[in-house]
Each structure stands twice: as structure tokens, then as C-alpha cells.
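A.B. asks: Okay, so here is final_12.txt, and as you'll see once you scroll down, it has compact mmCIF, C-alpha atoms and all ligand atoms.
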# COMPACT_ATOMS: atom_id res chain seq x y z
CA MET Y 11 -7.74 15.07 -34.83
CA PHE Y 12 -8.91 16.79 -31.62
CA HIS Y 13 -8.89 20.34 -33.06
CA GLU Y 14 -12.65 20.23 -33.35
CA LEU Y 15 -13.10 18.42 -30.02
CA PRO Y 16 -11.26 20.46 -27.39
CA THR Y 17 -13.51 19.26 -24.55
CA PHE Y 18 -12.97 15.63 -25.49
CA ALA Y 19 -9.22 16.26 -25.60
CA GLN Y 20 -9.46 17.73 -22.08
CA LEU Y 21 -11.31 14.65 -20.85
CA ILE Y 22 -8.63 12.37 -22.29
CA LYS Y 23 -5.96 14.53 -20.68
CA GLY Y 24 -7.72 14.22 -17.33
CA LEU Y 25 -7.96 10.44 -17.64
CA GLN Y 26 -4.28 10.27 -18.53
CA GLN Y 27 -3.53 11.43 -14.99
CA ILE Y 28 -4.91 8.17 -13.56
CA PRO Y 29 -1.71 6.13 -13.27
CA PHE Y 30 -3.12 2.62 -13.58
CA LEU Y 31 -5.38 3.27 -16.52
CA ALA Y 32 -3.69 1.71 -19.56
CA SER Y 33 -3.44 4.22 -22.40
CA LYS Y 34 -5.19 1.83 -24.78
CA ASN Y 35 -8.26 2.02 -22.53
CA LEU Y 36 -8.46 5.84 -22.29
CA TYR Y 37 -10.86 6.21 -25.22
CA ARG Y 38 -13.05 3.36 -24.00
CA VAL Y 39 -13.32 4.88 -20.54
CA ALA Y 40 -14.01 8.35 -21.98
CA GLU Y 41 -16.74 6.88 -24.17
CA HIS Y 42 -18.18 4.97 -21.21
CA PHE Y 43 -18.57 8.21 -19.25
CA LEU Y 44 -20.04 10.05 -22.23
CA GLN Y 45 -22.64 7.33 -22.72
CA MET Y 46 -23.64 7.28 -19.05
CA ASP Y 47 -26.93 8.89 -17.99
CA PRO Y 48 -26.28 12.38 -16.58
CA GLU Y 49 -27.69 11.27 -13.19
CA ARG Y 50 -25.27 8.37 -13.05
CA VAL Y 51 -22.36 10.68 -13.84
CA ASP Y 52 -23.52 12.93 -10.97
CA GLN Y 53 -23.75 9.92 -8.65
CA PHE Y 54 -20.29 8.79 -9.67
CA CYS Y 55 -18.76 12.22 -9.02
CA ALA Y 56 -20.59 12.47 -5.68
CA LEU Y 57 -19.26 9.04 -4.73
CA LEU Y 58 -15.69 10.14 -5.42
CA ILE Y 59 -16.07 13.36 -3.45
CA HIS Y 60 -17.72 11.47 -0.57
CA ALA Y 61 -14.94 8.84 -0.50
CA LYS Y 62 -12.30 11.57 -0.57
CA GLU Y 63 -13.93 13.24 2.46
CA LYS Y 64 -14.65 10.10 4.47
CA ILE Y 65 -11.62 7.90 3.89
CA VAL Y 66 -8.33 8.93 5.49
CA ARG Y 67 -5.10 7.22 6.43
CA CYS Y 68 -4.67 5.93 9.99
CA ASP Y 69 -2.10 8.10 11.83
CA GLU Y 70 -0.43 5.01 13.23
CA CYS Y 71 -0.31 2.36 10.48
CA PHE Y 72 -1.19 4.52 7.41
CA CYS Y 73 -3.80 2.07 6.21
CA TRP Y 74 -7.04 3.59 4.89
CA LYS Y 75 -9.80 3.98 7.44
CA GLU Y 76 -13.18 5.69 7.80
CA ARG Y 77 -12.67 9.20 9.21
CA GLU Y 78 -15.22 8.70 12.00
CA ARG Y 79 -14.15 5.21 12.99
CA PRO Y 80 -11.03 3.90 14.69
CA CYS Y 81 -8.60 1.92 12.52
CA SER Y 82 -9.81 -1.68 12.42
CA PHE Y 83 -6.25 -2.99 12.76
CA CYS Y 84 -4.75 -0.63 15.35
CA SER Y 85 -7.84 -0.62 17.57
CA SER Y 86 -8.44 -4.37 17.55
CA PRO Y 87 -7.91 -5.92 21.03
CA LYS Y 88 -7.18 -9.26 19.33
CA ARG Y 89 -4.07 -7.96 17.61
CA ASP Y 90 -0.56 -7.90 19.02
CA LYS Y 91 0.62 -4.26 18.85
CA GLN Y 92 4.18 -5.39 19.51
CA LEU Y 93 4.37 -7.17 16.16
CA VAL Y 94 4.41 -4.85 13.14
CA CYS Y 95 4.41 -6.10 9.55
CA VAL Y 96 5.79 -3.50 7.12
CA VAL Y 97 4.25 -3.56 3.63
CA GLU Y 98 4.58 -1.29 0.60
CA THR Y 99 0.91 -0.76 -0.10
CA TRP Y 100 -2.32 -2.01 1.31
CA GLN Y 101 -2.73 -4.52 -1.53
CA GLU Y 102 0.07 -6.48 0.17
CA LEU Y 103 -1.68 -6.00 3.50
CA PHE Y 104 -4.72 -7.72 1.99
CA ALA Y 105 -2.56 -10.58 0.76
CA ILE Y 106 -1.36 -11.12 4.33
CA GLU Y 107 -4.84 -10.72 5.83
CA LYS Y 108 -6.17 -13.37 3.46
CA THR Y 109 -3.87 -15.97 5.04
CA ASP Y 110 -5.89 -15.68 8.29
CA GLY Y 111 -2.66 -16.45 10.09
CA TYR Y 112 -1.34 -13.03 11.09
CA GLN Y 113 -2.30 -11.49 14.43
CA GLY Y 114 -0.05 -8.45 14.53
CA VAL Y 115 -0.56 -4.93 13.21
CA TYR Y 116 0.77 -3.24 10.06
CA HIS Y 117 2.75 -0.31 8.75
CA VAL Y 118 2.00 0.81 5.19
CA LEU Y 119 5.01 2.55 3.62
CA GLY Y 120 3.16 4.00 0.66
CA GLY Y 121 5.49 2.41 -1.92
CA ALA Y 122 9.15 1.52 -2.23
CA ILE Y 123 12.29 3.61 -2.64
CA CYS Y 124 12.76 4.23 -6.37
CA PRO Y 125 15.17 7.07 -7.24
CA LEU Y 126 14.27 6.85 -10.94
CA GLU Y 127 10.70 7.78 -10.13
CA GLY Y 128 11.77 10.38 -7.59
CA ILE Y 129 10.61 8.29 -4.62
CA GLY Y 130 13.09 8.67 -1.76
CA PRO Y 131 12.73 7.65 1.91
CA ASP Y 132 11.06 10.98 2.69
CA GLU Y 133 8.21 10.21 0.31
CA LEU Y 134 7.41 7.09 2.33
CA THR Y 135 6.33 6.66 5.98
CA ILE Y 136 9.76 5.43 7.10
CA ALA Y 137 10.35 8.19 9.68
CA GLN Y 138 6.95 7.38 11.20
CA LEU Y 139 7.92 3.71 11.37
CA ILE Y 140 11.15 4.54 13.22
CA ALA Y 141 9.15 6.72 15.64
CA ARG Y 142 6.80 3.78 16.21
CA VAL Y 143 9.72 1.53 17.05
CA ASP Y 144 11.05 4.16 19.45
CA ARG Y 145 7.68 4.17 21.22
CA GLY Y 146 8.15 0.42 21.82
CA VAL Y 147 7.69 -2.50 19.41
CA LYS Y 148 9.04 -6.03 19.86
CA GLU Y 149 9.35 -7.17 16.26
CA ILE Y 150 9.29 -5.60 12.81
CA ILE Y 151 8.60 -7.95 9.88
CA LEU Y 152 9.89 -6.45 6.64
CA ALA Y 153 7.41 -7.73 4.04
CA THR Y 154 8.30 -5.46 1.14
CA ASN Y 155 8.10 -7.02 -2.32
CA GLN Y 156 10.99 -9.11 -3.57
CA THR Y 157 11.83 -6.64 -6.32
CA PRO Y 158 15.05 -4.55 -6.43
CA GLU Y 159 13.09 -1.54 -5.06
CA GLY Y 160 11.43 -3.60 -2.32
CA GLU Y 161 14.74 -5.17 -1.28
CA ALA Y 162 16.48 -1.78 -1.23
CA THR Y 163 13.69 -0.35 0.90
CA ALA Y 164 13.92 -3.25 3.39
CA ALA Y 165 17.71 -2.82 3.59
CA PHE Y 166 17.32 0.92 4.17
CA ILE Y 167 14.85 0.38 7.02
CA ALA Y 168 17.00 -2.37 8.57
CA ARG Y 169 19.97 0.05 8.58
CA LYS Y 170 17.86 2.71 10.30
CA LEU Y 171 16.78 0.21 12.95
CA LYS Y 172 20.27 -1.01 13.70
CA GLY Y 173 21.14 -0.68 17.38
CA LYS Y 174 17.50 -0.29 18.43
CA GLU Y 175 15.81 -2.68 20.83
CA VAL Y 176 13.74 -4.48 18.19
CA ILE Y 177 13.85 -7.79 16.33
CA VAL Y 178 13.98 -7.19 12.57
CA SER Y 179 12.78 -10.13 10.50
CA CYS Y 180 11.78 -10.71 6.89
CA LEU Y 181 9.76 -13.21 4.94
CA ALA Y 182 11.20 -16.70 4.36
CA ARG Y 183 13.23 -17.28 1.26
CA GLY Y 184 11.78 -19.41 -1.46
CA LEU Y 185 9.28 -16.87 -2.71
CA PRO Y 186 9.49 -16.42 -6.47
CA VAL Y 187 12.03 -13.66 -7.17
CA GLY Y 188 10.62 -10.41 -8.54
CA SER Y 189 7.15 -11.22 -7.37
CA SER Y 190 4.81 -9.20 -5.22
CA LEU Y 191 2.90 -10.63 -2.29
CA GLU Y 192 -0.29 -9.56 -3.97
CA ALA Y 193 0.29 -12.01 -6.83
CA MET Y 194 0.97 -15.00 -4.58
CA ASP Y 195 -1.40 -17.63 -3.33
CA ARG Y 196 -2.54 -17.72 0.28
CA VAL Y 197 -0.52 -20.77 1.31
CA THR Y 198 2.76 -19.33 -0.07
CA VAL Y 199 2.24 -16.05 1.78
CA TYR Y 200 1.33 -17.87 4.99
CA LYS Y 201 4.42 -20.07 4.74
CA ALA Y 202 6.69 -17.08 4.03
CA LEU Y 203 5.29 -15.31 7.06
CA SER Y 204 5.34 -18.19 9.52
CA GLU Y 205 8.85 -19.28 8.49
CA ARG Y 206 10.25 -15.75 8.63
CA ARG Y 207 13.91 -15.30 9.48
CA LEU Y 208 16.08 -12.59 10.95
CA PHE Y 209 16.93 -9.91 8.44
ZN ZN M 1 -4.07 1.77 11.92
Starting from the coordinates I provided, produce the structure as C-alpha cells.
Ligand code: ZN
C.D. replies:
Amino acid sequence: MFHELPTFAQLIKGLQQIPFLASKNLYRVAEHFLQMDPERVDQFCALLIHAKEKIVRCDECFCWKERERPCSFCSSPKRDKQLVCVVETWQELFAIEKTDGYQGVYHVLGGAICPLEGIGPDELTIAQLIARVDRGVKEIILATNQTPEGEATAAFIARKLKGKEVIVSCLARGLPVGSSLEAMDRVTVYKALSERRLF
């Protein structure tokens, strides 16, 4: 059907590369862009380019930060740098921040180990986490999701930290199995964090 619409086909192909865009929405999104005023399309593209230039990952915790500003977590004098909470992505970081009960810093792994999707330890920031521990950290809280991938990732990190001078803890049991922190309510996350146990 796209023989006569090669440019439209190209647009759909481009949108297909956005991982979280459900395929049933591709045509709607394509149509939305095509119906936009040309100036708004320009503004949208400029916004993307600007964000790409200005937003970078923090070298220490790998959370997003403004290029010209220090990381709001790592540079905060109110936060305990000796307490590091390890999360898969920054959506989980937000879930923990929302509890208002965590005063440590973070380490964003960038996902979980998933051999089927070609994600091994080297694709994540695990080596950087180990280096952080070697520079001196009192406690690591493994707050990966309670999915098979999240659990495997936590176990992998715990093995790597064995024998090092650091307390390795994880969230309290009782969280719904297979769930992500992001999907949980504030009180449940707070409870899981404050009642954490040794890994
Ligand atoms: Zn940081």
C-alpha cells in the first residue's frame, strides 16, 4: 500500500525505531506530525536537538543531568555519599525519590542483565559501580526490579562485591513478585527501603 507513498513509509520506519511506541499508534503519531504546523515541527525538532546537547549522564551515578550543572544528587550536601541505592533506570529512582525518605545517592545501571536481548553486564554500568565501591562506600542497596532479570542482575552484582568492605542490602521482601518499583505506591516503596535486609 506504500508503493505510492515512499516518504510516508520512511516516516513510519523511523517511528518504528522508538522502542516504547506501540505499533498500533505508529500511524496516529505519523498523522499527528503531518498535521502539525511547519513551525511547530521545527520547534519540536529543535527541542530534541537541544535536549540531546544539554542533557548528559552524570559520570558518577549515571542519572541524567544538565551538562552545565552539577548532578543534583551527587553534589547535594544533604545526601549521604556512603549510601548508594542501585536502580535499573531512573524511573525507579523517581519512585524512591517520591517516598521522601531516602537520603543517600544513586547508581543507575541502565537496565538489567537480559541475555535474550543481548544485554550483558558490560552493557550496564556495573564496572563503574564496582569502581565506586573501591573508592569507598559503606552500603550498597540493590533495588533492582523483582523480575527474573532484576534478580539475576542483583545476584551478579552481589557476587562481584563479595569480599569487599561494603554492606550489601536489598529491599524488604513482601513486594509483589514480578513488579517494578515504578508501579508501586509510595508507602510500599518506603517500607521496602526502610525495612531492607542483607542480601
Ligand atoms: Zn550523579
A.B. asks: Within 10 Å of ligand ZN 1 (chain M), counting only C-alpha atoms and all ligand atoms: which residues, as an mmCIF file with C-alpha atoms, in the coordinates of the input?
C.D. replies:
data_model
loop_
_atom_site.group_PDB
_atom_site.id
_atom_site.type_symbol
_atom_site.label_atom_id
_atom_site.label_comp_id
_atom_site.auth_asym_id
_atom_site.auth_seq_id
_atom_site.Cartn_x
_atom_site.Cartn_y
_atom_site.Cartn_z
ATOM 1 C CA ARG Y 67 -5.100 7.220 6.430
ATOM 2 C CA CYS Y 68 -4.670 5.930 9.990
ATOM 3 C CA ASP Y 69 -2.100 8.100 11.830
ATOM 4 C CA GLU Y 70 -0.430 5.010 13.230
ATOM 5 C CA CYS Y 71 -0.310 2.360 10.480
ATOM 6 C CA PHE Y 72 -1.190 4.520 7.410
ATOM 7 C CA CYS Y 73 -3.800 2.070 6.210
ATOM 8 C CA TRP Y 74 -7.040 3.590 4.890
ATOM 9 C CA LYS Y 75 -9.800 3.980 7.440
ATOM 10 C CA PRO Y 80 -11.030 3.900 14.690
ATOM 11 C CA CYS Y 81 -8.600 1.920 12.520
ATOM 12 C CA SER Y 82 -9.810 -1.680 12.420
ATOM 13 C CA PHE Y 83 -6.250 -2.990 12.760
ATOM 14 C CA CYS Y 84 -4.750 -0.630 15.350
ATOM 15 C CA SER Y 85 -7.840 -0.620 17.570
ATOM 16 C CA SER Y 86 -8.440 -4.370 17.550
ATOM 17 C CA VAL Y 115 -0.560 -4.930 13.210
ATOM 18 C CA TYR Y 116 0.770 -3.240 10.060
ATOM 19 C CA HIS Y 117 2.750 -0.310 8.750
ATOM 20 C CA VAL Y 118 2.000 0.810 5.190
#
A.B. asks: Name the residues in contact with Val176 of chain Y at a cut-off of 8 Å, using all atoms listed in the file, excluding same-chain residues fewer than 3 positions from it; report them as a PyMOL selection string.
C.D. replies: chain Y and resi 143+147-150+171
A.B. asks: Residues of the last selection are to be written out with C-alpha atoms, as a PDB file, in the frame of the given file.
C.D. replies:
ATOM      1  CA  VAL Y 143       9.720   1.530  17.050  1.00  0.00           C
ATOM      2  CA  VAL Y 147       7.690  -2.500  19.410  1.00  0.00           C
ATOM      3  CA  LYS Y 148       9.040  -6.030  19.860  1.00  0.00           C
ATOM      4  CA  GLU Y 149       9.350  -7.170  16.260  1.00  0.00           C
ATOM      5  CA  ILE Y 150       9.290  -5.600  12.810  1.00  0.00           C
ATOM      6  CA  LEU Y 171      16.780   0.210  12.950  1.00  0.00           C
TER       7      LEU Y 171
END
A.B. asks: One decimal, Å: what's the distance from atom CA of Gly121 of chain Y over to atom CA of Asn155 of chain Y, could you say?
C.D. replies: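 Atom CA of Asn155 of chain Y lies 9.8 Å from atom CA of Gly121 of chain Y.
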A.B. asks: Between atom CA of Gln156 of chain Y and atom CA of Ala32 of chain Y, what is the spacing in Å?
C.D. replies: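 We find that atom CA of Ala32 of chain Y and atom CA of Gln156 of chain Y lie 24.3 Å from each other.
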A.B. asks: Name the residues in contact with segment 160-168 of chain Y at a cut-off of 9 Å, using all atoms listed in the file, excluding same-chain residues fewer than 4 positions from it; report them as an NGL selection string.
C.D. replies: :Y and (96 or 98 or 121-124 or 131 or 136 or 139-140 or 152-156 or 172 or 178 or 180 or 209)
A.B. asks: For a quick check of understanding, using all atoms listed in the file, which of Y:Glu102, Y:Glu107, Y:Asp144, Y:Glu205 has the smallest distance to Ala193 of chain Y?
C.D. replies: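 Once distances to Ala193 of chain Y are computed over all atoms listed in the file, the minimum belongs to Y:Glu102.
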A.B. asks: Can you measure atom CA of Gly128 of chain Y to atom CA of Leu191 of chain Y for me? One decimal in Å is fine.
C.D. replies: 23.4 Å
A.B. asks: Do you know which residues are at most 12 Å from Leu21 of chain Y counting only C-alpha atoms, after dropping those on the same chain fewer than 4 positions away, and could you put them as a list of chain:residue names?
C.D. replies: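 With the cut-off at 12 Å, the set is Y:Phe12, Y:Leu15, Y:Pro16, Y:Thr17, Y:Leu25, Y:Gln26, Y:Gln27, Y:Ile28, Y:Leu36, Y:Tyr37, Y:Arg38, Y:Val39, Y:Ala40, Y:Glu41, Y:His42, Y:Phe43, Y:Leu44.
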A.B. asks: So which one's closest to Gly120 of chain Y, Y:Val97, Y:Leu208, Y:Cys55, Y:Ile106? Using only C-alpha atoms, please.
C.D. replies: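 Ranked by minimum distance to Gly120 of chain Y, first place goes to Y:Val97.
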A.B. asks: When you count all atoms listed in the file, which of these residues is closest to Thr157 of chain Y: Y:Ile129, Y:Leu103, Y:Ser190, Y:Glu78?
C.D. replies: Y:Ser190
A.B. asks: Around segment 73-89 of chain Y, fit a box with edges along x, y and z, padding it by 5 Å on each side, then list its centre and edge lengths in Å to one decimal as JSON.
C.D. replies:
{"center_x": -9.5, "center_y": 0.0, "center_z": 13.0, "size_x": 21.4, "size_y": 28.5, "size_z": 26.1}
A.B. asks: Rank nothing, just name the residue among Y:Val51, Y:Ile22, Y:Ala105, Y:Ala56 nearest to Glu192 of chain Y, using all atoms listed in the file.
C.D. replies: Y:Ala105
A.B. asks: Would you mind telling me which residue in Y:Val94, Y:Glu159, Y:Ser33, Y:Gln20 lies nearest to Gly130 of chain Y when using all atoms listed in the file?
C.D. replies: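 So, comparing all the options, the nearest one is Y:Glu159.
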A.B. asks: Calculated over all atoms listed in the file, which of the candidates Y:Ile65, Y:Ala202, Y:Leu93, Y:Leu57 has the smallest distance to Gly146 of chain Y?
C.D. replies: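 The closest residue to Gly146 of chain Y is Y:Leu93.
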A.B. asks: When you look at Thr109 of chain Y with a cut-off of 8 Å (counting all atoms listed in the file), what residues show up, excluding the ones that are within fewer than 5 positions of it in the same chain? I need them as JSON, numbers by chain.
C.D. replies: {"Y": [196, 197, 199, 200]}
